[in-house]
>>> print(open('coords.pdb').read())   # PDB, C-alpha atoms (C1' of nucleotides)
ATOM      1  CA  MET A 289      25.798 -18.192 -32.788
ATOM      2  CA  SER A 290      22.704 -16.917 -34.507
ATOM      3  CA  GLN A 291      21.613 -20.513 -34.733
ATOM      4  CA  ARG A 292      22.182 -20.956 -31.063
ATOM      5  CA  ASN A 293      20.418 -17.762 -30.180
ATOM      6  CA  THR A 294      17.381 -18.735 -32.145
ATOM      7  CA  ASP A 295      17.135 -21.962 -30.208
ATOM      8  CA  VAL A 296      17.563 -20.234 -26.888
ATOM      9  CA  SER A 297      14.993 -17.617 -27.697
ATOM     10  CA  ALA A 298      12.463 -20.145 -28.858
ATOM     11  CA  GLN A 299      13.069 -22.268 -25.819
ATOM     12  CA  LEU A 300      12.772 -19.336 -23.480
ATOM     13  CA  ASN A 301       9.577 -18.260 -25.113
ATOM     14  CA  ALA A 302       8.214 -21.748 -24.854
ATOM     15  CA  LEU A 303       9.086 -21.876 -21.175
ATOM     16  CA  THR A 304       7.466 -18.570 -20.449
ATOM     17  CA  GLY A 305       4.366 -19.192 -22.462
ATOM     18  CA  CYS A 306       5.252 -16.436 -24.896
ATOM     19  CA  ALA A 307       5.031 -17.154 -28.574
ATOM     20  CA  PRO A 308       8.317 -16.775 -30.472
ATOM     21  CA  ASP A 309       8.700 -13.336 -32.029
ATOM     22  CA  ALA A 310       8.769 -14.687 -35.534
ATOM     23  CA  VAL A 311       5.446 -16.380 -35.065
ATOM     24  CA  THR A 312       3.446 -13.472 -33.672
ATOM     25  CA  PRO A 313       4.409 -10.137 -35.165
ATOM     26  CA  PHE A 314       0.796  -9.136 -35.700
ATOM     27  CA  THR A 315       0.001  -7.633 -32.303
ATOM     28  CA  PRO A 316       2.838  -5.249 -31.499
ATOM     29  CA  GLY A 317       1.385  -4.228 -28.162
ATOM     30  CA  GLN A 318       1.238  -7.791 -26.916
ATOM     31  CA  ALA A 319       4.948  -8.234 -27.521
ATOM     32  CA  ARG A 320       5.501  -5.695 -24.779
ATOM     33  CA  ALA A 321       3.078  -7.523 -22.529
ATOM     34  CA  CYS A 322       4.956 -10.702 -23.273
ATOM     35  CA  THR A 323       8.229  -9.126 -22.181
ATOM     36  CA  VAL A 324       6.728  -8.198 -18.854
ATOM     37  CA  ARG A 325       5.492 -11.739 -18.486
ATOM     38  CA  GLU A 326       9.056 -12.970 -18.748
ATOM     39  CA  VAL A 327       9.843 -11.034 -15.604
ATOM     40  CA  LEU A 328       6.717 -12.103 -13.789
ATOM     41  CA  ASP A 329       7.295 -15.746 -14.582
ATOM     42  CA  ARG A 330      10.652 -15.343 -12.900
ATOM     43  CA  VAL A 331       9.783 -13.377  -9.775
ATOM     44  CA  GLY A 332       6.023 -13.806  -9.667
ATOM     45  CA  GLY A 333       6.215 -16.682  -7.200
ATOM     46  CA  LYS A 334       4.931 -16.140  -3.702
ATOM     47  CA  TRP A 335       8.385 -15.903  -2.125
ATOM     48  CA  SER A 336      10.817 -14.796  -4.830
ATOM     49  CA  ILE A 337      10.683 -11.092  -4.114
ATOM     50  CA  GLY A 338      11.122 -11.523  -0.404
ATOM     51  CA  ILE A 339      14.191 -13.661  -0.901
ATOM     52  CA  LEU A 340      15.592 -11.315  -3.513
ATOM     53  CA  VAL A 341      15.162  -8.347  -1.219
ATOM     54  CA  ALA A 342      16.836 -10.146   1.663
ATOM     55  CA  ALA A 343      19.745 -11.306  -0.489
ATOM     56  CA  SER A 344      20.210  -7.812  -1.904
ATOM     57  CA  GLN A 345      21.477  -6.549   1.438
ATOM     58  CA  GLY A 346      24.411  -8.941   1.299
ATOM     59  CA  PRO A 347      25.105 -12.668   1.683
ATOM     60  CA  VAL A 348      22.396 -14.539   3.561
ATOM     61  CA  ARG A 349      22.365 -18.007   5.016
ATOM     62  CA  PHE A 350      19.614 -20.573   4.621
ATOM     63  CA  THR A 351      18.344 -20.427   8.165
ATOM     64  CA  GLU A 352      18.518 -16.657   8.246
ATOM     65  CA  LEU A 353      16.117 -16.588   5.346
ATOM     66  CA  GLU A 354      13.892 -19.170   6.944
ATOM     67  CA  ARG A 355      13.463 -16.869   9.930
ATOM     68  CA  GLN A 356      13.356 -13.583   8.053
ATOM     69  CA  ILE A 357      10.782 -14.538   5.468
ATOM     70  CA  GLU A 358       8.105 -15.350   8.019
ATOM     71  CA  GLY A 359       5.778 -18.091   6.945
ATOM     72  CA  ILE A 360       7.838 -19.790   4.279
ATOM     73  CA  SER A 361       8.228 -23.536   4.472
ATOM     74  CA  ARG A 362      11.580 -25.232   4.166
ATOM     75  CA  ARG A 363      10.478 -26.822   0.953
ATOM     76  CA  MET A 364       9.435 -23.584  -0.740
ATOM     77  CA  LEU A 365      12.548 -21.827   0.453
ATOM     78  CA  THR A 366      14.713 -24.447  -1.212
ATOM     79  CA  LEU A 367      12.649 -24.512  -4.386
ATOM     80  CA  THR A 368      12.607 -20.753  -4.776
ATOM     81  CA  LEU A 369      16.320 -20.484  -4.064
ATOM     82  CA  ARG A 370      17.032 -23.094  -6.728
ATOM     83  CA  ASN A 371      14.922 -21.325  -9.308
ATOM     84  CA  LEU A 372      16.524 -17.963  -8.618
ATOM     85  CA  GLU A 373      19.942 -19.544  -8.775
ATOM     86  CA  ARG A 374      19.047 -21.251 -12.031
ATOM     87  CA  ASP A 375      18.039 -17.952 -13.587
ATOM     88  CA  GLY A 376      21.304 -16.382 -12.507
ATOM     89  CA  LEU A 377      19.709 -14.072  -9.946
ATOM     90  CA  LEU A 378      21.354 -15.651  -6.926
ATOM     91  CA  GLU A 379      24.810 -17.033  -6.379
ATOM     92  CA  ARG A 380      25.079 -19.996  -4.061
ATOM     93  CA  ARG A 381      28.346 -20.385  -2.221
ATOM     94  CA  VAL A 382      28.985 -23.494  -0.126
ATOM     95  CA  HIS A 383      31.512 -23.427   2.672
ATOM     96  CA  PRO A 384      32.764 -26.985   3.230
ATOM     97  CA  THR A 385      32.686 -26.689   6.982
ATOM     98  CA  VAL A 386      30.907 -28.639   9.639
ATOM     99  CA  PRO A 387      28.210 -27.828  10.233
ATOM    100  CA  PRO A 388      27.692 -26.814   6.603
ATOM    101  CA  LYS A 389      27.328 -23.147   5.751
ATOM    102  CA  VAL A 390      25.723 -21.908   2.561
ATOM    103  CA  GLU A 391      25.460 -18.280   1.577
ATOM    104  CA  TYR A 392      23.233 -16.769  -1.065
ATOM    105  CA  THR A 393      24.086 -13.491  -2.716
ATOM    106  CA  ALA A 394      22.145 -11.431  -5.220
ATOM    107  CA  THR A 395      23.908 -11.150  -8.564
ATOM    108  CA  PRO A 396      24.331  -7.805 -10.378
ATOM    109  CA  ILE A 397      21.388  -8.727 -12.581
ATOM    110  CA  ALA A 398      19.208  -9.230  -9.527
ATOM    111  CA  LEU A 399      20.325  -5.935  -8.057
ATOM    112  CA  GLU A 400      19.285  -4.177 -11.249
ATOM    113  CA  LEU A 401      15.935  -5.892 -11.049
ATOM    114  CA  TYR A 402      15.604  -4.691  -7.498
ATOM    115  CA  GLU A 403      16.061  -1.121  -8.725
ATOM    116  CA  SER A 404      13.400  -1.587 -11.363
ATOM    117  CA  LEU A 405      10.984  -2.792  -8.744
ATOM    118  CA  VAL A 406      11.165   0.565  -7.014
ATOM    119  CA  ALA A 407       8.919   2.021  -9.692
ATOM    120  CA  LEU A 408       6.348  -0.594  -8.812
ATOM    121  CA  THR A 409       6.487  -0.001  -5.083
ATOM    122  CA  SER A 410       6.029   3.667  -5.718
ATOM    123  CA  TRP A 411       2.962   2.932  -7.788
ATOM    124  CA  ALA A 412       1.553   0.649  -5.107
ATOM    125  CA  GLU A 413       2.130   3.187  -2.363
ATOM    126  CA  ARG A 414       0.536   6.004  -4.307
ATOM    127  CA  HIS A 415      -2.593   4.107  -5.283
ATOM    128  CA  ARG A 416      -3.025   1.585  -2.525
ATOM    129  CA  GLY A 417      -5.793   3.648  -1.018
ATOM    130  CA  ALA A 418      -7.600   4.259  -4.288
ATOM    131  CA  ILE A 419      -7.518   0.574  -5.106
ATOM    132  CA  ALA A 420      -8.905  -0.430  -1.732
ATOM    133  CA  ALA A 421     -11.661   2.146  -2.176
ATOM    134  CA  ALA A 422     -12.436   0.892  -5.674
ATOM    135  CA  ARG A 423     -12.780  -2.597  -4.306
ATOM    136  CA  GLN A 424     -15.169  -1.531  -1.616
ATOM    137  CA  THR A 425     -17.299   0.350  -4.086
ATOM    138  CA  TYR A 426     -17.331  -2.548  -6.514
ATOM    139  CA  ASP A 427     -18.156  -5.099  -3.858
ATOM    140  CA  ARG A 428     -20.910  -2.962  -2.443
ATOM    141  CA  GLU A 429     -22.523  -2.547  -5.841
ATOM    142  CA  HIS A 430     -22.216  -6.186  -6.767
ATOM    143  CA  THR A 431     -23.802  -7.977  -3.831
ATOM    144  CA  THR A 432     -27.275  -8.503  -2.402
ATOM    145  CA  PRO A 433     -29.631  -6.723  -4.861
TER     146      PRO A 433
ATOM    147  CA  MET B  89     -10.235   9.107   8.360
ATOM    148  CA  SER B  90      -7.312   7.636  10.189
ATOM    149  CA  GLN B  91      -9.700   5.062  11.561
ATOM    150  CA  ARG B  92     -10.965   4.274   8.129
ATOM    151  CA  ASN B  93      -7.525   4.102   6.665
ATOM    152  CA  THR B  94      -6.391   1.674   9.306
ATOM    153  CA  ASP B  95      -9.255  -0.640   8.499
ATOM    154  CA  VAL B  96      -8.675  -0.443   4.791
ATOM    155  CA  SER B  97      -4.986  -1.011   5.169
ATOM    156  CA  ALA B  98      -5.447  -4.010   7.404
ATOM    157  CA  GLN B  99      -8.036  -5.442   5.085
ATOM    158  CA  LEU B 100      -5.872  -4.897   2.053
ATOM    159  CA  ASN B 101      -2.967  -6.528   3.761
ATOM    160  CA  ALA B 102      -5.107  -9.463   4.707
ATOM    161  CA  LEU B 103      -6.274  -9.811   1.144
ATOM    162  CA  THR B 104      -2.788  -9.713  -0.254
ATOM    163  CA  GLY B 105      -1.278 -12.033   2.277
ATOM    164  CA  CYS B 106       0.850  -9.276   3.726
ATOM    165  CA  ALA B 107       0.937  -8.825   7.448
ATOM    166  CA  PRO B 108      -0.357  -5.457   8.688
ATOM    167  CA  ASP B 109       2.418  -2.918   9.191
ATOM    168  CA  ALA B 110       1.773  -2.620  12.896
ATOM    169  CA  VAL B 111       2.261  -6.320  13.389
ATOM    170  CA  THR B 112       5.560  -6.776  11.555
ATOM    171  CA  PRO B 113       7.922  -3.846  11.994
ATOM    172  CA  PHE B 114      10.891  -6.132  12.650
ATOM    173  CA  THR B 115      12.015  -6.841   9.099
ATOM    174  CA  PRO B 116      12.142  -3.494   7.321
ATOM    175  CA  GLY B 117      13.324  -5.013   4.039
ATOM    176  CA  GLN B 118      10.378  -7.358   3.844
ATOM    177  CA  ALA B 119       7.942  -4.468   4.046
ATOM    178  CA  ARG B 120       9.246  -3.389   0.673
ATOM    179  CA  ALA B 121       8.887  -6.896  -0.655
ATOM    180  CA  CYS B 122       5.350  -6.880   0.631
ATOM    181  CA  THR B 123       4.549  -3.720  -1.272
ATOM    182  CA  VAL B 124       5.701  -5.299  -4.493
ATOM    183  CA  ARG B 125       3.515  -8.281  -3.746
ATOM    184  CA  GLU B 126       0.511  -5.991  -3.676
ATOM    185  CA  VAL B 127       1.189  -5.160  -7.284
ATOM    186  CA  LEU B 128       1.883  -8.717  -8.303
ATOM    187  CA  ASP B 129      -1.271  -9.974  -6.683
ATOM    188  CA  ARG B 130      -3.104  -7.505  -8.872
ATOM    189  CA  VAL B 131      -1.417  -7.937 -12.240
ATOM    190  CA  GLY B 132       0.472 -11.172 -11.703
ATOM    191  CA  GLY B 133      -2.224 -13.255 -13.356
ATOM    192  CA  LYS B 134      -1.480 -14.876 -16.671
ATOM    193  CA  TRP B 135      -3.552 -12.446 -18.713
ATOM    194  CA  SER B 136      -3.780  -9.194 -16.741
ATOM    195  CA  ILE B 137      -0.841  -7.446 -18.368
ATOM    196  CA  GLY B 138      -1.933  -8.326 -21.878
ATOM    197  CA  ILE B 139      -5.392  -6.930 -21.262
ATOM    198  CA  LEU B 140      -4.018  -3.843 -19.576
ATOM    199  CA  VAL B 141      -1.700  -3.159 -22.488
ATOM    200  CA  ALA B 142      -4.496  -3.567 -24.992
ATOM    201  CA  ALA B 143      -6.849  -1.330 -23.042
ATOM    202  CA  SER B 144      -4.168   1.326 -22.675
ATOM    203  CA  GLN B 145      -4.360   2.136 -26.378
ATOM    204  CA  GLY B 146      -7.963   3.203 -25.997
ATOM    205  CA  PRO B 147     -11.404   1.607 -25.501
ATOM    206  CA  VAL B 148     -11.529  -2.064 -26.424
ATOM    207  CA  ARG B 149     -14.460  -4.374 -26.897
ATOM    208  CA  PHE B 150     -14.805  -7.861 -25.477
ATOM    209  CA  THR B 151     -14.407  -9.736 -28.722
ATOM    210  CA  GLU B 152     -11.538  -7.541 -29.818
ATOM    211  CA  LEU B 153      -9.669  -8.642 -26.723
ATOM    212  CA  GLU B 154     -10.606 -12.248 -27.289
ATOM    213  CA  ARG B 155      -8.918 -12.107 -30.678
ATOM    214  CA  GLN B 156      -5.998  -9.900 -29.718
ATOM    215  CA  ILE B 157      -4.902 -11.775 -26.652
ATOM    216  CA  GLU B 158      -4.301 -15.042 -28.506
ATOM    217  CA  GLY B 159      -4.918 -18.109 -26.439
ATOM    218  CA  ILE B 160      -7.143 -16.701 -23.734
ATOM    219  CA  SER B 161     -10.372 -18.512 -22.988
ATOM    220  CA  ARG B 162     -13.666 -16.704 -22.748
ATOM    221  CA  ARG B 163     -13.862 -17.598 -19.097
ATOM    222  CA  MET B 164     -10.464 -16.185 -18.162
ATOM    223  CA  LEU B 165     -11.079 -13.071 -20.198
ATOM    224  CA  THR B 166     -14.231 -12.362 -18.231
ATOM    225  CA  LEU B 167     -12.644 -13.168 -14.887
ATOM    226  CA  THR B 168      -9.586 -11.039 -15.485
ATOM    227  CA  LEU B 169     -11.667  -8.144 -16.752
ATOM    228  CA  ARG B 170     -13.815  -8.294 -13.634
ATOM    229  CA  ASN B 171     -10.821  -8.310 -11.329
ATOM    230  CA  LEU B 172      -9.196  -5.397 -13.091
ATOM    231  CA  GLU B 173     -12.451  -3.500 -12.993
ATOM    232  CA  ARG B 174     -12.855  -4.282  -9.322
ATOM    233  CA  ASP B 175      -9.425  -2.873  -8.542
ATOM    234  CA  GLY B 176     -10.223   0.287 -10.445
ATOM    235  CA  LEU B 177      -7.786  -0.391 -13.263
ATOM    236  CA  LEU B 178     -10.400  -0.738 -15.964
ATOM    237  CA  GLU B 179     -13.611   1.117 -16.612
ATOM    238  CA  ARG B 180     -16.441  -0.903 -18.088
ATOM    239  CA  ARG B 181     -18.933   1.003 -20.177
ATOM    240  CA  VAL B 182     -22.051  -0.729 -21.464
ATOM    241  CA  HIS B 183     -23.886   0.604 -24.504
ATOM    242  CA  PRO B 184     -27.537  -0.480 -24.287
ATOM    243  CA  THR B 185     -27.741  -1.354 -27.964
ATOM    244  CA  VAL B 186     -28.578  -4.541 -29.748
ATOM    245  CA  PRO B 187     -26.422  -6.418 -30.140
ATOM    246  CA  PRO B 188     -24.804  -5.327 -26.882
ATOM    247  CA  LYS B 189     -21.576  -3.392 -26.960
ATOM    248  CA  VAL B 190     -19.225  -3.166 -24.015
ATOM    249  CA  GLU B 191     -16.045  -1.141 -23.967
ATOM    250  CA  TYR B 192     -13.173  -1.402 -21.544
ATOM    251  CA  THR B 193     -10.842   1.505 -20.929
ATOM    252  CA  ALA B 194      -7.728   1.743 -18.811
ATOM    253  CA  THR B 195      -8.101   4.189 -15.933
ATOM    254  CA  PRO B 196      -5.448   6.806 -15.123
ATOM    255  CA  ILE B 197      -4.160   4.550 -12.378
ATOM    256  CA  ALA B 198      -3.672   1.734 -14.862
ATOM    257  CA  LEU B 199      -1.891   4.037 -17.264
ATOM    258  CA  GLU B 200       0.536   5.000 -14.536
ATOM    259  CA  LEU B 201       1.124   1.354 -13.821
ATOM    260  CA  TYR B 202       1.801   0.830 -17.475
ATOM    261  CA  GLU B 203       4.540   3.439 -17.277
ATOM    262  CA  SER B 204       6.088   1.753 -14.278
ATOM    263  CA  LEU B 205       6.210  -1.507 -16.149
ATOM    264  CA  VAL B 206       8.555   0.004 -18.679
ATOM    265  CA  ALA B 207      11.387  -0.349 -16.193
ATOM    266  CA  LEU B 208      10.669  -4.026 -16.044
ATOM    267  CA  THR B 209      10.547  -4.549 -19.793
ATOM    268  CA  SER B 210      13.847  -2.773 -20.067
ATOM    269  CA  TRP B 211      15.326  -5.101 -17.485
ATOM    270  CA  ALA B 212      13.963  -8.146 -19.274
ATOM    271  CA  GLU B 213      15.289  -7.018 -22.631
ATOM    272  CA  ARG B 214      18.726  -6.282 -21.288
ATOM    273  CA  HIS B 215      19.166  -9.555 -19.455
ATOM    274  CA  ARG B 216      17.017 -11.969 -21.369
ATOM    275  CA  GLY B 217      20.092 -13.461 -22.986
ATOM    276  CA  ALA B 218      22.078 -13.731 -19.774
ATOM    277  CA  ILE B 219      19.201 -15.466 -18.051
ATOM    278  CA  ALA B 220      18.753 -17.988 -20.819
ATOM    279  CA  ALA B 221      22.486 -18.675 -20.701
ATOM    280  CA  ALA B 222      22.424 -19.055 -16.926
ATOM    281  CA  ARG B 223      19.639 -21.574 -17.267
ATOM    282  CA  GLN B 224      21.510 -23.627 -19.814
ATOM    283  CA  THR B 225      24.611 -23.655 -17.671
ATOM    284  CA  TYR B 226      22.666 -24.622 -14.578
ATOM    285  CA  ASP B 227      20.729 -27.348 -16.335
ATOM    286  CA  ARG B 228      23.865 -28.762 -17.902
ATOM    287  CA  GLU B 229      25.620 -28.927 -14.550
ATOM    288  CA  HIS B 230      22.671 -30.424 -12.727
ATOM    289  CA  THR B 231      21.795 -33.432 -14.845
ATOM    290  CA  THR B 232      23.284 -36.850 -15.536
ATOM    291  CA  PRO B 233      26.708 -36.757 -13.848
TER     292      PRO B 233
ATOM    293  C1'  DC C 258      22.827 -26.649   9.321
ATOM    294  C1'  DT C 259      21.053 -27.410   4.871
ATOM    295  C1'  DG C 260      18.658 -29.579   2.599
ATOM    296  C1'  DT C 261      15.547 -33.904   0.004
ATOM    297  C1'  DA C 262      11.373 -36.934  -0.292
ATOM    298  C1'  DT C 263       6.344 -37.532   0.194
ATOM    299  C1'  DC C 264       1.784 -36.696   0.515
ATOM    300  C1'  DC C 265      -1.932 -33.864  -0.010
ATOM    301  C1'  DG C 266      -5.029 -29.746  -0.557
ATOM    302  C1'  DT C 267      -6.231 -25.624  -3.115
ATOM    303  C1'  DC C 268      -6.987 -22.927  -6.871
ATOM    304  C1'  DA C 269      -5.739 -20.650 -11.275
ATOM    305  C1'  DG C 270      -6.802 -21.712 -15.531
ATOM    306  C1'  DG C 271      -8.479 -24.620 -19.937
ATOM    307  C1'  DA C 272     -12.561 -26.544 -22.736
ATOM    308  C1'  DT C 273     -17.056 -26.135 -23.799
ATOM    309  C1'  DA C 274     -22.076 -25.592 -23.770
ATOM    310  C1'  DC C 275     -25.661 -22.506 -22.871
ATOM    311  C1'  DT C 276     -28.072 -17.562 -22.523
ATOM    312  C1'  DG C 277     -29.901 -12.518 -22.542
TER     313       DG C 277
ATOM    314  C1'  DC D 162     -22.057  -9.698 -28.852
ATOM    315  C1'  DA D 163     -20.910 -10.505 -24.328
ATOM    316  C1'  DG D 164     -21.040 -12.978 -21.253
ATOM    317  C1'  DT D 165     -22.453 -17.188 -17.337
ATOM    318  C1'  DA D 166     -22.337 -22.064 -15.768
ATOM    319  C1'  DT D 167     -19.841 -26.517 -15.364
ATOM    320  C1'  DC D 168     -16.524 -29.730 -15.328
ATOM    321  C1'  DC D 169     -11.756 -30.975 -15.133
ATOM    322  C1'  DT D 170      -6.657 -30.782 -14.815
ATOM    323  C1'  DG D 171      -2.076 -29.593 -13.355
ATOM    324  C1'  DA D 172       0.908 -26.726 -11.060
ATOM    325  C1'  DC D 173       1.825 -24.271  -6.785
ATOM    326  C1'  DG D 174       2.397 -24.479  -2.279
ATOM    327  C1'  DG D 175       1.781 -26.297   2.892
ATOM    328  C1'  DA D 176       3.162 -29.984   6.326
ATOM    329  C1'  DT D 177       6.103 -33.198   7.903
ATOM    330  C1'  DA D 178       9.552 -36.717   8.230
ATOM    331  C1'  DC D 179      14.002 -38.126   7.030
ATOM    332  C1'  DA D 180      19.206 -37.537   5.629
ATOM    333  C1'  DG D 181      24.183 -35.948   4.734
TER     334       DG D 181
END
>>> encode(input="coords.pdb", output="structure tokens")
Amino acid sequence: MSQRNTDVSAQLNALTGCAPDAVTPFTPGQARACTVREVLDRVGGKWSIGILVAASQGPVRFTELERQIEGISRRMLTLTLRNLERDGLLERRVHPTVPPKVEYTATPIALELYESLVALTSWAERHRGAIAAARQTYDREHTTP
Amino acid sequence: MSQRNTDVSAQLNALTGCAPDAVTPFTPGQARACTVREVLDRVGGKWSIGILVAASQGPVRFTELERQIEGISRRMLTLTLRNLERDGLLERRVHPTVPPKVEYTATPIALELYESLVALTSWAERHRGAIAAARQTYDREHTTP
DNA sequence: CTGTATCCGTCAGGATACTG
DNA sequence: CAGTATCCTGACGGATACAG
């Protein structure tokens, strides 16, 4: 199993652009950064969060999402759903009826992720104003001498 | 101030691809998703987190970062630094010496963000294995019948 | 209803040479 | 040392049209 795990880890790291632990033990801080990257590479896409949030309320159908997400294309909806399913964040259940009916549900792992995201929303809400102000200041000072 | 805030908020939302609150009150869940997007649009870049982590330990110089970050190009380092500075997450201090010396320091806001990210790293560490396994399973079941 | 297949545009990001 | 200026590439994502 250790053999297996090594492979998996290396593969995962390769996929996420993170160097394998064994190869880069010299910058301890960056290991932490790398861990965060793993998450971002998974839910950093333009639509992932929206879908995850919607699916966290209970089973959702394809067309429901298409309407709820507002602006997503059919293609991106499918792609994002597949990726989330692949990572074990969504469960896809097909009802063999006619017309077809497919329901997506957030897995326990995804629900935990959703909880973790609360910390981020809190941060955004607290500092949203300060950030906007910082931008204005910066932009003002860096244009038209 | 309310006037000002409205403008800022609308502008911010425009910049982040989120619809202004007033315009989309119909999907309450997606508002939350939108808030998370604000964060991701700020630190979702390939190098932002790494730089933020490094700068959180104390003032860091340009070349220090270039070595520490491992794989970053000079161009992307500059760009990411500028963006973080613009959003008020980094402070850039120039020492008028020769040769020049520039130090980047994480602002209090950035440090708070850093704390919030801990929840995410914890999530990643707990489920990293499960996700890798889910991927293997998915890939096995979706290739060469 | 739930997708797949195609085509195409944009833009983050890499490599590298030059500069105050 | 700490950047800018260019050029170039691939991946992400939008717009349809078609299909089971």
>>> closest_atom_pairs(input="coords.pdb", of="chain D", to="chain B", cutoff="9 Å", atoms="all atoms listed in the file", output="tab-separated table")
residue	atom	partner	partner_atom	distance
D:DC162	C1'	B:Pro188	CA	5.5
D:DA163	C1'	B:Phe150	CA	6.8
D:DG164	C1'	B:Thr166	CA	7.5
D:DT165	C1'	B:Arg163	CA	8.8
>>> closest_atom_pairs(input="coords.pdb", of="chain C", to="chain A", cutoff="12 Å", atoms="all atoms listed in the file", output="Markdown table")
| residue | atom | partner | partner_atom | distance |
| --- | --- | --- | --- | --- |
| C:DC258 | C1' | A:Pro388 | CA | 5.6 |
| C:DT259 | C1' | A:Pro388 | CA | 6.9 |
| C:DG260 | C1' | A:Thr366 | CA | 7.5 |
| C:DT261 | C1' | A:Arg363 | CA | 8.8 |
| C:DA262 | C1' | A:Arg363 | CA | 10.2 |
| C:DT263 | C1' | A:Arg363 | CA | 11.5 |
>>> resolve_selection(input="coords.pdb", expression="the PyMOL selection byres ((chain B) within 7 of (chain A))", output="PyMOL selection string")
chain B and resi 96+100+115+117-118+121+123-124+126-128+132+137-138+141-142+156+174-176+201+204+207-209+211-212+219-220+222-223+226
>>> write_last_selection(input="coords.pdb", atoms="C-alpha atoms", output="JSON list (two decimals), in the coordinates of the input")
[["chain", "number", "residue", "atom", "x", "y", "z"],
["B", 96, "VAL", "CA", -8.68, -0.44, 4.79],
["B", 100, "LEU", "CA", -5.87, -4.90, 2.05],
["B", 115, "THR", "CA", 12.02, -6.84, 9.10],
["B", 117, "GLY", "CA", 13.32, -5.01, 4.04],
["B", 118, "GLN", "CA", 10.38, -7.36, 3.84],
["B", 121, "ALA", "CA", 8.89, -6.90, -0.66],
["B", 123, "THR", "CA", 4.55, -3.72, -1.27],
["B", 124, "VAL", "CA", 5.70, -5.30, -4.49],
["B", 126, "GLU", "CA", 0.51, -5.99, -3.68],
["B", 127, "VAL", "CA", 1.19, -5.16, -7.28],
["B", 128, "LEU", "CA", 1.88, -8.72, -8.30],
["B", 132, "GLY", "CA", 0.47, -11.17, -11.70],
["B", 137, "ILE", "CA", -0.84, -7.45, -18.37],
["B", 138, "GLY", "CA", -1.93, -8.33, -21.88],
["B", 141, "VAL", "CA", -1.70, -3.16, -22.49],
["B", 142, "ALA", "CA", -4.50, -3.57, -24.99],
["B", 156, "GLN", "CA", -6.00, -9.90, -29.72],
["B", 174, "ARG", "CA", -12.86, -4.28, -9.32],
["B", 175, "ASP", "CA", -9.43, -2.87, -8.54],
["B", 176, "GLY", "CA", -10.22, 0.29, -10.44],
["B", 201, "LEU", "CA", 1.12, 1.35, -13.82],
["B", 204, "SER", "CA", 6.09, 1.75, -14.28],
["B", 207, "ALA", "CA", 11.39, -0.35, -16.19],
["B", 208, "LEU", "CA", 10.67, -4.03, -16.04],
["B", 209, "THR", "CA", 10.55, -4.55, -19.79],
["B", 211, "TRP", "CA", 15.33, -5.10, -17.48],
["B", 212, "ALA", "CA", 13.96, -8.15, -19.27],
["B", 219, "ILE", "CA", 19.20, -15.47, -18.05],
["B", 220, "ALA", "CA", 18.75, -17.99, -20.82],
["B", 222, "ALA", "CA", 22.42, -19.06, -16.93],
["B", 223, "ARG", "CA", 19.64, -21.57, -17.27],
["B", 226, "TYR", "CA", 22.67, -24.62, -14.58]]
>>> axis_aligned_box(input="coords.pdb", around="segment 169-181 of chain D", padding_each_side="6 Å", output="JSON")
{"center_x": 6.2, "center_y": -31.2, "center_z": -3.5, "size_x": 47.9, "size_y": 25.9, "size_z": 35.4}
>>> residues_around(input="coords.pdb", residues="segment 168-172 of chain D", least_positions_apart="6", cutoff="10 Å", atoms="only C-alpha atoms (C1' of nucleotides)", output="PyMOL selection string")
chain C and resi 268-273
>>> write_last_selection(input="coords.pdb", atoms="C-alpha atoms (C1' of nucleotides)", output="PDB file, keeping the file's coordinate frame")
ATOM      1  C1'  DC C 268      -6.987 -22.927  -6.871  1.00  0.00           C
ATOM      2  C1'  DA C 269      -5.739 -20.650 -11.275  1.00  0.00           C
ATOM      3  C1'  DG C 270      -6.802 -21.712 -15.531  1.00  0.00           C
ATOM      4  C1'  DG C 271      -8.479 -24.620 -19.937  1.00  0.00           C
ATOM      5  C1'  DA C 272     -12.561 -26.544 -22.736  1.00  0.00           C
ATOM      6  C1'  DT C 273     -17.056 -26.135 -23.799  1.00  0.00           C
TER       7       DT C 273
END
>>> atom_distance(input="coords.pdb", atom1="atom CA of Val148 of chain B", atom2="atom CA of Arg180 of chain B")
9.7 Å
>>> closest_residue(input="coords.pdb", among="A:Thr393, A:Met364, A:Gly359, A:Glu429", to="Leu378 of chain A", atoms="only C-alpha atoms")
A:Thr393
